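Enquirer: Can you read through this structure? Questions will come right after.
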Amino acid sequence: MQNLRVSIVQGETRWHDPAGNRAYYGELIAPLHGTTDLVVLPETFTSGFSNEAIGNAETMDGPTVEWIREQAAKLGAAVTGSVQLRTGQGVFNRMLFATPDGGLTHYDKRHLFSFAKEHERYAAGQERVVVSWKGWNILLQVCYDLRFPVFARNRFNVERVDAPDYDLALYVANWPSARAYPWKTLLRARAIENLCYVVGVNRVGTDGNGLHYSGDSAVIDFLGHPVSEATDEEVVTTTTLQAAELAAHRQRFPAMFDGDAFRLLDEG
């Protein structure tokens with residue numbers, strides 16, 4: 001593992017305007033060429049968090065998948081964020097992870113936000129997804145997943161302290177300002193309990209449902225300390241994650257050896 005440069009893109013997503021959002025976010029990230037390894041966009045960055053956007057959900061052959069692949073190639077970096085995508089099994093809140101070599105991985109949001117009736121329109125993902133990039137193992141998560149620690153629990157090889165399930169957890173979100181304190185608190189909790197870095201990227205502004213978003217995107221280290229924090233404005237920032245410091249912390253404080261062995265029920 002080498003150090004990893006991560007750019008958080010905290011934008012004001014346009015409501016139900018995929019083409020406009022692709023242009024908007026494309027302009028925000030264009031200056032990152034050659035300066036970053038990973039670009040993180042918010043949840044549902046082409047539409048905002050909307051149950052009605054399901055009617056315009058694209059497919060994996062649509063313009064947004066093509067766009068995110070193009071951005072990764074242009075920037076020479078991985079690019080990730082979630083959008084509504086339709087498959088034969090339904091419409092998923094799907095987090096895409098595109099790499100500059102043309103690779104594309106996805107994670108489908110598992111925990112649907114029933115409070116906003118997301119579960120009535122969208123299909124729930126089943127598989128936990130960890131991708132490898134630049135020597136880092138990266139867990140992909142979407143918004144409400146943050147509230148469910150068992151699904152995100154890091155699993156360590158008890159014979160090798162340097163072989164965890166993942167080193168970095170990514171949370172992309174449309175997390176309203178009314179619940180900003182839980183957002184900030186849970187990002188820190190996930191980092192501490194999993195001995196990993198956590199990056200949470202939220203949006204700003206007010207959406208078409210009248211919900212306000214205060215941003216509060218952050219990079220959190222393995223001790224729960226914020227390495228970088230955003231406020232409530234549009235911002236693009238790049239932070240370097242320190243591989244040696246993470247490894248040293250795991251060696252110095254190997255709490256993972258005392259964890260409980262478990263298996264998720266639908267893992268077979």
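Ordering of the structure tokens sets the chain letters (A, B, ...), residue numbers begin anew at 1 in every chain, and ligands are numbered from 1 in the order given.
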Excluding Thr185 (chain A) and residues on its chain fewer than 2 positions from it, collect all residues at most 12 Å away from it, counting only C-alpha atoms, and give them as a ChimeraX atom specification.

Expert: /A:146-147,179-183,187-192,198,200,216,218,220,224-226

Enquirer: Determine which residues of region 40-160 of chain A DSSP labels as strand (DSSP E or B) from the backbone of this structure, then write them out as a PyMOL selection string.

Expert: chain A and resi 40+58+78-87+90-98+104-108+123+130-133+136-142+156

Enquirer: Write out the residues from the selection above, keeping N, CA and C atoms, as a compact mmCIF listing (two decimals), in the first residue's frame.

Expert:
```
# COMPACT_ATOMS: atom_id res chain seq x y z
N VAL A 40 -14.73 11.15 -5.33
CA VAL A 40 -15.96 10.64 -4.74
C VAL A 40 -17.08 11.67 -4.89
N GLU A 58 -31.78 5.14 -15.71
CA GLU A 58 -31.03 4.67 -16.87
C GLU A 58 -30.68 3.19 -16.71
N ALA A 78 -9.75 6.82 -10.26
CA ALA A 78 -11.04 6.17 -10.08
C ALA A 78 -12.08 7.23 -9.74
N VAL A 79 -13.31 7.01 -10.22
CA VAL A 79 -14.42 7.93 -9.94
C VAL A 79 -15.59 7.10 -9.45
N THR A 80 -16.22 7.55 -8.37
CA THR A 80 -17.34 6.81 -7.79
C THR A 80 -18.46 7.74 -7.34
N GLY A 81 -19.67 7.20 -7.28
CA GLY A 81 -20.87 7.92 -6.85
C GLY A 81 -22.05 7.04 -7.20
N SER A 82 -23.25 7.37 -6.69
CA SER A 82 -24.39 6.49 -6.97
C SER A 82 -25.43 7.18 -7.85
N VAL A 83 -26.15 6.34 -8.63
CA VAL A 83 -27.24 6.80 -9.49
C VAL A 83 -28.33 5.73 -9.49
N GLN A 84 -29.52 6.10 -9.99
CA GLN A 84 -30.60 5.14 -10.15
C GLN A 84 -30.39 4.38 -11.46
N LEU A 85 -30.31 3.06 -11.38
CA LEU A 85 -30.08 2.26 -12.58
C LEU A 85 -31.06 1.09 -12.63
N ARG A 86 -31.63 0.88 -13.81
CA ARG A 86 -32.65 -0.14 -14.00
C ARG A 86 -32.03 -1.42 -14.55
N THR A 87 -32.42 -2.55 -13.95
CA THR A 87 -32.02 -3.87 -14.44
C THR A 87 -33.26 -4.74 -14.54
N GLY A 90 -35.21 -4.82 -11.24
CA GLY A 90 -35.75 -3.60 -10.68
C GLY A 90 -34.78 -2.45 -10.81
N VAL A 91 -35.12 -1.34 -10.13
CA VAL A 91 -34.24 -0.17 -10.13
C VAL A 91 -33.46 -0.15 -8.83
N PHE A 92 -32.14 -0.02 -8.96
CA PHE A 92 -31.26 0.00 -7.80
C PHE A 92 -30.66 1.39 -7.61
N ASN A 93 -30.40 1.73 -6.36
CA ASN A 93 -29.56 2.88 -6.03
C ASN A 93 -28.14 2.33 -6.09
N ARG A 94 -27.51 2.48 -7.23
CA ARG A 94 -26.28 1.76 -7.54
C ARG A 94 -25.05 2.67 -7.48
N MET A 95 -24.09 2.28 -6.67
CA MET A 95 -22.83 3.00 -6.55
C MET A 95 -21.85 2.42 -7.57
N LEU A 96 -21.42 3.28 -8.50
CA LEU A 96 -20.49 2.88 -9.54
C LEU A 96 -19.06 3.21 -9.12
N PHE A 97 -18.12 2.37 -9.51
CA PHE A 97 -16.71 2.61 -9.23
C PHE A 97 -15.95 2.35 -10.52
N ALA A 98 -15.60 3.44 -11.23
CA ALA A 98 -14.94 3.34 -12.52
C ALA A 98 -13.46 3.65 -12.38
N LEU A 104 -15.07 -1.30 -14.32
CA LEU A 104 -16.27 -0.78 -13.66
C LEU A 104 -16.82 -1.82 -12.69
N THR A 105 -16.93 -1.43 -11.43
CA THR A 105 -17.53 -2.27 -10.39
C THR A 105 -18.74 -1.53 -9.84
N HIS A 106 -19.71 -2.25 -9.30
CA HIS A 106 -20.83 -1.55 -8.69
C HIS A 106 -21.27 -2.22 -7.40
N TYR A 107 -21.90 -1.41 -6.55
CA TYR A 107 -22.51 -1.89 -5.31
C TYR A 107 -23.93 -1.36 -5.27
N ASP A 108 -24.90 -2.22 -5.00
CA ASP A 108 -26.30 -1.82 -4.89
C ASP A 108 -26.66 -1.60 -3.43
N ALA A 123 -35.20 -1.64 -5.56
CA ALA A 123 -34.78 -2.98 -5.16
C ALA A 123 -33.56 -2.86 -4.25
N VAL A 130 -16.29 -4.98 -1.90
CA VAL A 130 -14.99 -4.37 -1.60
C VAL A 130 -14.18 -4.38 -2.89
N VAL A 131 -13.72 -3.20 -3.30
CA VAL A 131 -12.90 -3.10 -4.51
C VAL A 131 -11.45 -2.84 -4.12
N SER A 132 -10.55 -3.22 -5.00
CA SER A 132 -9.12 -2.95 -4.79
C SER A 132 -8.67 -1.87 -5.76
N TRP A 133 -7.98 -0.87 -5.22
CA TRP A 133 -7.51 0.24 -6.05
C TRP A 133 -6.24 0.82 -5.43
N TRP A 136 -5.16 -0.43 -2.10
CA TRP A 136 -6.11 -0.26 -1.00
C TRP A 136 -7.35 -1.11 -1.26
N ASN A 137 -7.87 -1.73 -0.21
CA ASN A 137 -9.17 -2.40 -0.28
C ASN A 137 -10.22 -1.42 0.23
N ILE A 138 -11.26 -1.20 -0.58
CA ILE A 138 -12.21 -0.12 -0.34
C ILE A 138 -13.63 -0.66 -0.30
N LEU A 139 -14.31 -0.43 0.82
CA LEU A 139 -15.70 -0.84 0.99
C LEU A 139 -16.63 0.23 0.43
N LEU A 140 -17.57 -0.17 -0.42
CA LEU A 140 -18.53 0.75 -1.01
C LEU A 140 -19.84 0.71 -0.22
N GLN A 141 -20.32 1.90 0.18
CA GLN A 141 -21.55 2.00 0.97
C GLN A 141 -22.34 3.24 0.54
N VAL A 142 -23.66 3.19 0.74
CA VAL A 142 -24.52 4.29 0.31
C VAL A 142 -25.39 4.76 1.47
N PHE A 156 -10.95 -9.24 9.91
CA PHE A 156 -9.50 -9.34 9.87
C PHE A 156 -9.05 -10.79 9.91
```

Enquirer: For Gln242 (chain A), which residue among A:Phe257, A:Tyr197, A:Phe262, A:Tyr213 is the nearest when counting only C-alpha atoms?

Expert: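 Checking each candidate against Gln242 (chain A), we get A:Tyr197 as the closest.
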
Enquirer: Would you please extract all helix (DSSP H, G or I) residues from region 9-44 of chain A, as assigned by DSSP on the backbone, and give them as a PyMOL selection string?

Expert: chain A and resi 18-32

Enquirer: Tell me which protein, DNA and RNA residues are within 9 Å of Val39 (chain A), counting only C-alpha atoms, leaving out same-chain ones fewer than 4 positions away, and put them as a PDB file with N, CA and C atoms, in the first residue's frame.

Expert:
```pdb
ATOM      1  N   ARG A   5      -4.506   9.466  -2.578  1.00  0.00           N
ATOM      2  CA  ARG A   5      -5.093  10.807  -2.658  1.00  0.00           C
ATOM      3  C   ARG A   5      -6.582  10.679  -2.985  1.00  0.00           C
ATOM      4  N   VAL A   6      -7.416  11.202  -2.086  1.00  0.00           N
ATOM      5  CA  VAL A   6      -8.869  11.086  -2.253  1.00  0.00           C
ATOM      6  C   VAL A   6      -9.483  12.475  -2.340  1.00  0.00           C
ATOM      7  N   SER A   7     -10.299  12.690  -3.363  1.00  0.00           N
ATOM      8  CA  SER A   7     -10.968  13.985  -3.549  1.00  0.00           C
ATOM      9  C   SER A   7     -12.458  13.853  -3.268  1.00  0.00           C
ATOM     10  N   ILE A   8     -12.945  14.657  -2.341  1.00  0.00           N
ATOM     11  CA  ILE A   8     -14.379  14.692  -2.060  1.00  0.00           C
ATOM     12  C   ILE A   8     -15.004  15.825  -2.864  1.00  0.00           C
ATOM     13  N   VAL A   9     -16.147  15.527  -3.489  1.00  0.00           N
ATOM     14  CA  VAL A   9     -16.824  16.498  -4.344  1.00  0.00           C
ATOM     15  C   VAL A   9     -18.196  16.761  -3.743  1.00  0.00           C
ATOM     16  N   ILE A  29     -14.893  18.532 -11.364  1.00  0.00           N
ATOM     17  CA  ILE A  29     -13.793  17.591 -11.183  1.00  0.00           C
ATOM     18  C   ILE A  29     -12.698  17.715 -12.242  1.00  0.00           C
ATOM     19  N   LEU A  32      -9.006  18.225 -11.400  1.00  0.00           N
ATOM     20  CA  LEU A  32      -8.335  17.200 -10.598  1.00  0.00           C
ATOM     21  C   LEU A  32      -7.402  16.313 -11.412  1.00  0.00           C
ATOM     22  N   ALA A  72     -13.179   8.942 -15.476  1.00  0.00           N
ATOM     23  CA  ALA A  72     -12.059   8.200 -14.899  1.00  0.00           C
ATOM     24  C   ALA A  72     -10.875   8.189 -15.870  1.00  0.00           C
ATOM     25  N   ALA A  77      -7.856   8.651 -12.756  1.00  0.00           N
ATOM     26  CA  ALA A  77      -8.202   8.325 -11.365  1.00  0.00           C
ATOM     27  C   ALA A  77      -9.500   7.532 -11.349  1.00  0.00           C
ATOM     28  N   ALA A  78      -9.749   6.815 -10.263  1.00  0.00           N
ATOM     29  CA  ALA A  78     -11.044   6.167 -10.077  1.00  0.00           C
ATOM     30  C   ALA A  78     -12.084   7.225  -9.743  1.00  0.00           C
ATOM     31  N   VAL A  79     -13.306   7.011 -10.218  1.00  0.00           N
ATOM     32  CA  VAL A  79     -14.416   7.930  -9.939  1.00  0.00           C
ATOM     33  C   VAL A  79     -15.593   7.100  -9.451  1.00  0.00           C
ATOM     34  N   THR A  80     -16.222   7.553  -8.365  1.00  0.00           N
ATOM     35  CA  THR A  80     -17.339   6.807  -7.791  1.00  0.00           C
ATOM     36  C   THR A  80     -18.456   7.737  -7.341  1.00  0.00           C
ATOM     37  N   GLY A  81     -19.671   7.199  -7.283  1.00  0.00           N
ATOM     38  CA  GLY A  81     -20.865   7.921  -6.850  1.00  0.00           C
ATOM     39  C   GLY A  81     -22.051   7.041  -7.202  1.00  0.00           C
ATOM     40  N   THR A 238      -8.935  17.671  -1.729  1.00  0.00           N
ATOM     41  CA  THR A 238      -8.175  16.435  -1.861  1.00  0.00           C
ATOM     42  C   THR A 238      -7.348  16.204  -0.608  1.00  0.00           C
TER      43      THR A 238
END
```

Enquirer: Can you pull out the residues contacting Met1 (chain A)? Cut-off 9 Å, using only C-alpha atoms, and skip same-chain residues under 2 positions away; I want them as a PyMOL selection string.

Expert: chain A and resi 3-4+134-136+243-244

Enquirer: Restricting the calculation to only C-alpha atoms: of A:Gln126, A:Asn154, A:Ser50, A:Thr237, which residue gets closest to Ala169 (chain A)?

Expert: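 Ranked by minimum distance to Ala169 (chain A), first place goes to A:Asn154.
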